[in-house]
file start_13.csv (CSV, C-alpha atoms)
chain,number,residue,atom,x,y,z
B,198,GLY,CA,0.0,0.0,0.0
B,199,GLY,CA,0.9,3.6,-0.3
B,200,SER,CA,2.3,5.9,2.4
B,201,HIS,CA,-0.8,8.1,2.4
B,202,ASN,CA,-4.4,6.8,3.1
B,203,ILE,CA,-7.4,8.6,1.7
B,204,VAL,CA,-10.9,7.8,2.9
B,205,ILE,CA,-13.9,9.2,1.1
B,206,GLY,CA,-17.0,8.6,3.2
B,207,LEU,CA,-20.5,9.6,4.1
B,208,CYS,CA,-20.2,11.9,7.1
B,209,LEU,CA,-23.0,11.4,9.7
B,210,SER,CA,-22.1,14.1,12.2
B,211,ARG,CA,-24.8,16.1,13.7
B,212,ARG,CA,-24.5,18.9,16.3
B,213,HIS,CA,-27.0,18.8,19.2
B,214,GLU,CA,-28.0,22.0,21.0
B,215,THR,CA,-27.2,20.7,24.5
B,216,LEU,CA,-25.4,17.4,24.2
B,217,GLY,CA,-22.0,16.7,22.9
B,218,HIS,CA,-19.0,18.8,21.8
B,219,PRO,CA,-19.5,22.4,20.8
B,220,GLY,CA,-17.1,22.0,17.9
B,221,THR,CA,-19.3,19.4,16.1
B,222,VAL,CA,-20.5,20.5,12.6
B,223,THR,CA,-23.8,19.2,11.3
B,224,ARG,CA,-23.4,17.3,8.1
B,225,GLN,CA,-26.7,15.5,8.0
B,226,THR,CA,-30.1,15.8,9.7
B,227,ALA,CA,-31.8,12.4,8.9
B,228,PHE,CA,-30.3,10.6,11.9
B,229,ASP,CA,-30.0,11.7,15.5
B,230,PHE,CA,-27.8,9.1,17.2
B,231,ASN,CA,-28.7,10.4,20.6
B,232,GLU,CA,-31.9,8.5,20.1
B,233,LEU,CA,-29.8,5.3,20.2
B,234,GLN,CA,-27.1,6.2,22.7
B,235,ASP,CA,-27.4,5.7,26.4
B,236,ARG,CA,-25.7,8.9,27.6
B,237,ASN,CA,-27.1,8.4,31.1
B,238,TYR,CA,-25.5,5.0,31.3
B,239,LYS,CA,-28.7,3.2,32.2
B,240,TYR,CA,-28.1,0.2,30.0
B,241,VAL,CA,-24.4,0.6,28.9
B,242,SER,CA,-22.2,0.1,32.0
B,243,SER,CA,-19.2,2.1,30.7
B,244,THR,CA,-17.3,3.5,27.8
B,245,ASP,CA,-13.6,4.1,27.2
B,246,ARG,CA,-12.1,7.6,27.6
B,247,SER,CA,-13.5,8.5,24.2
B,248,GLY,CA,-17.1,8.3,25.4
B,249,TRP,CA,-19.8,9.0,22.9
B,250,LEU,CA,-18.4,10.2,19.6
B,251,ALA,CA,-21.8,10.1,17.8
B,252,GLY,CA,-24.7,12.3,18.4
B,253,GLY,CA,-22.6,15.5,18.7
B,254,GLY,CA,-19.5,13.9,20.3
B,255,GLU,CA,-18.3,14.1,23.8
B,256,LYS,CA,-18.1,17.4,25.8
B,257,GLY,CA,-15.5,15.9,28.1
B,258,ASP,CA,-15.2,16.0,31.9
B,259,THR,CA,-17.1,19.2,32.8
B,260,SER,CA,-16.3,18.7,36.5
B,261,SER,CA,-12.6,19.1,36.0
B,262,GLY,CA,-12.8,22.3,33.9
B,263,ARG,CA,-12.1,20.5,30.7
B,264,ASP,CA,-14.9,22.0,28.7
B,265,GLY,CA,-14.2,20.4,25.4
B,266,GLY,CA,-11.8,23.0,24.1
B,267,SER,CA,-11.3,23.2,20.4
B,268,SER,CA,-11.2,20.1,18.2
B,269,SER,CA,-11.4,19.4,14.5
B,270,ALA,CA,-15.0,18.6,13.7
B,271,GLU,CA,-14.1,17.0,10.3
B,272,CYS,CA,-15.0,13.4,9.8
B,273,ASP,CA,-11.4,12.2,9.3
B,274,HIS,CA,-11.3,9.3,11.7
B,275,ALA,CA,-13.9,6.8,12.7
B,276,GLU,CA,-13.7,5.8,16.3
B,277,SER,CA,-15.7,3.1,18.0
B,278,ILE,CA,-17.7,3.3,21.2
B,279,ALA,CA,-16.4,0.5,23.2
B,280,ALA,CA,-16.1,-0.7,26.8
B,281,SER,CA,-12.5,-0.9,27.7
B,282,LYS,CA,-11.4,-4.0,29.7
B,283,SER,CA,-7.7,-3.2,30.1
B,284,GLU,CA,-6.4,-2.4,33.6
B,285,ASP,CA,-5.3,1.1,34.3
B,286,SER,CA,-4.6,3.4,37.2
B,287,ASP,CA,-8.2,4.2,38.0
B,288,GLY,CA,-8.9,0.8,39.5
B,289,ASN,CA,-12.0,0.3,37.5
B,290,GLY,CA,-10.4,-1.9,34.9
B,291,GLY,CA,-10.2,0.9,32.3
B,292,LYS,CA,-13.9,1.5,32.5
B,293,PHE,CA,-15.1,5.1,32.9
B,294,PHE,CA,-18.6,5.7,34.2
B,295,GLY,CA,-20.9,8.6,33.4
B,296,ARG,CA,-19.1,11.7,32.2
B,297,ARG,CA,-16.1,11.3,34.4
B,298,ASN,CA,-12.7,11.3,32.7
B,299,LYS,CA,-14.0,11.6,29.1
B,300,THR,CA,-11.7,13.0,26.4
B,301,PRO,CA,-13.4,15.9,24.6
B,302,GLY,CA,-14.1,15.2,21.0
B,303,ALA,CA,-16.3,16.3,18.2
B,304,ASP,CA,-18.7,13.9,16.4
B,305,LYS,CA,-16.7,11.9,13.9
B,306,VAL,CA,-19.3,9.3,12.8
B,307,HIS,CA,-18.9,8.4,9.1
B,308,ILE,CA,-19.3,5.4,6.8
B,309,PRO,CA,-16.3,4.8,4.5
B,310,ILE,CA,-17.3,4.5,0.9
B,311,ILE,CA,-13.8,4.1,-0.6
B,312,ARG,CA,-10.3,3.9,0.7
B,313,ILE,CA,-7.4,4.9,-1.5
B,314,ASP,CA,-3.7,4.2,-0.9
B,315,ALA,CA,-1.6,7.0,-2.4
B,316,ASP,CA,2.2,6.9,-2.9
B,317,SER,CA,2.9,10.6,-2.4
B,318,ALA,CA,1.5,13.9,-1.2
B,319,ALA,CA,1.3,15.0,-4.9
B,320,THR,CA,-1.1,12.0,-5.6
B,321,VAL,CA,-3.2,13.0,-2.6
B,322,ASP,CA,-3.4,16.6,-4.0
B,323,SER,CA,-4.3,15.3,-7.4
B,324,ILE,CA,-7.2,13.2,-6.0
B,325,ILE,CA,-8.4,16.2,-3.9
B,326,SER,CA,-8.3,18.4,-7.0
B,327,ALA,CA,-10.2,15.9,-9.1
B,328,ILE,CA,-12.9,15.6,-6.5
B,329,ALA,CA,-13.1,19.4,-6.0
B,330,ALA,CA,-13.3,20.0,-9.7
B,331,GLY,CA,-16.2,17.6,-10.1
B,332,ASP,CA,-14.2,15.1,-12.1
B,333,VAL,CA,-15.2,12.4,-9.6
B,334,PHE,CA,-18.9,12.2,-8.9
B,335,ILE,CA,-20.4,10.3,-6.0
B,336,PRO,CA,-24.1,10.0,-6.7
B,337,HIS,CA,-26.8,10.7,-4.1
B,338,MET,CA,-27.6,7.6,-2.0
B,339,SER,CA,-30.2,6.7,0.5
B,340,ILE,CA,-29.3,4.6,3.5
B,341,LEU,CA,-31.4,2.7,5.9
B,342,PRO,CA,-29.8,1.3,9.1
B,343,GLU,CA,-30.5,-2.4,9.5
B,344,ALA,CA,-28.5,-3.1,12.7
B,345,LEU,CA,-26.6,-1.5,15.5
B,346,SER,CA,-23.4,-3.0,16.8
B,347,VAL,CA,-20.7,-2.1,19.3
B,348,SER,CA,-17.0,-2.8,18.6
B,349,GLY,CA,-14.8,-3.8,21.5
B,350,THR,CA,-13.5,-6.6,23.5

call {"tool": "encode", "arguments": {"input": "start_13.csv", "output": "structure tokens"}}
result
Amino acid sequence: GGSHNIVIGLCLSRRHETLGHPGTVTRQTAFDFNELQDRNYKYVSSTDRSGWLAGGGEKGDTSSGRDGGSSSAECDHAESIAASKSEDSDGNGGKFFGRRNKTPGADKVHIPIIRIDADSAATVDSIISAIAAGDVFIPHMSILPEALSVSGT
């Protein structure tokens, strides 16, 4: 593979008025992932430090003064919501309950459509230019979720 990875995907980020990271940018309005997420941890026992990265992202630990700060809201990395089972210094086996110890992060939910390995920065620039010029056309598509899954160990 190439030394540069390009992912073209369908960005599903959606800013929420009161929940999530203030740096989240709305890219779609069809799906509100807060309707699926358990932000109050009633059914999900814990998440890793990333917390909820859909539905507006994670504000962070508001009790420690970490208010979320600034963060890129672009959908450049997909991150899973997962319960961590590794041991760490908090004594909870790496599990973080509620809003405590969450890393602030904007909503980054996306569905990869195509992944391209490029050999150089010039090739990356060429691909970006072709997309921006309209030489590469990705047609409108409708999606209908059929299942929900959680990645993790």

call {"tool": "atom_distance", "arguments": {"input": "start_13.csv", "atom1": "CA of Leu233 (chain B)", "atom2": "CA of Ser346 (chain B)"}}
result
11.0 Å

call {"tool": "residues_around", "arguments": {"input": "start_13.csv", "residues": "Asn231 (chain B)", "least_positions_apart": "2", "cutoff": "10 Å", "atoms": "all atoms listed in the file", "output": "ChimeraX atom specification"}}
result
/B:211,213,216-217,228-229,233-236,249,251-254

call {"tool": "residues_around", "arguments": {"input": "start_13.csv", "residues": "Ala227 (chain B)", "least_positions_apart": "2", "cutoff": "10 Å", "atoms": "all atoms listed in the file", "output": "list in words"}}
result
Leu209, Arg211, Arg224, Gln225, Asp229, Phe230 and Ile340 of chain B

call {"tool": "write_last_selection", "arguments": {"input": "start_13.csv", "atoms": "C-alpha atoms", "output": "mmCIF file, in the frame of the given file"}}
result
data_model
loop_
_atom_site.group_PDB
_atom_site.id
_atom_site.type_symbol
_atom_site.label_atom_id
_atom_site.label_comp_id
_atom_site.auth_asym_id
_atom_site.auth_seq_id
_atom_site.Cartn_x
_atom_site.Cartn_y
_atom_site.Cartn_z
ATOM 1 C CA LEU B 209 -23.000 11.400 9.700
ATOM 2 C CA ARG B 211 -24.800 16.100 13.700
ATOM 3 C CA ARG B 224 -23.400 17.300 8.100
ATOM 4 C CA GLN B 225 -26.700 15.500 8.000
ATOM 5 C CA ASP B 229 -30.000 11.700 15.500
ATOM 6 C CA PHE B 230 -27.800 9.100 17.200
ATOM 7 C CA ILE B 340 -29.300 4.600 3.500
#

call {"tool": "atom_distance", "arguments": {"input": "start_13.csv", "atom1": "CA of Ser200 (chain B)", "atom2": "CA of Ala319 (chain B)"}}
result
11.7 Å

call {"tool": "atom_distance", "arguments": {"input": "start_13.csv", "atom1": "CA of Thr300 (chain B)", "atom2": "CA of Gly257 (chain B)"}}
result
5.1 Å

call {"tool": "closest_residue", "arguments": {"input": "start_13.csv", "among": "B:Ile335, B:Val241, B:Cys208, B:Leu250", "to": "Gly220 (chain B)", "atoms": "all atoms listed in the file"}}
result
B:Leu250

call {"tool": "closest_residue", "arguments": {"input": "start_13.csv", "among": "B:Gly199, B:Pro301, B:Gly248, B:Gly206", "to": "Thr221 (chain B)", "atoms": "all atoms listed in the file"}}
result
B:Pro301

call {"tool": "closest_residue", "arguments": {"input": "start_13.csv", "among": "B:Ala327, B:Val222, B:Met338, B:Ile203", "to": "Val306 (chain B)", "atoms": "all atoms listed in the file"}}
result
B:Val222
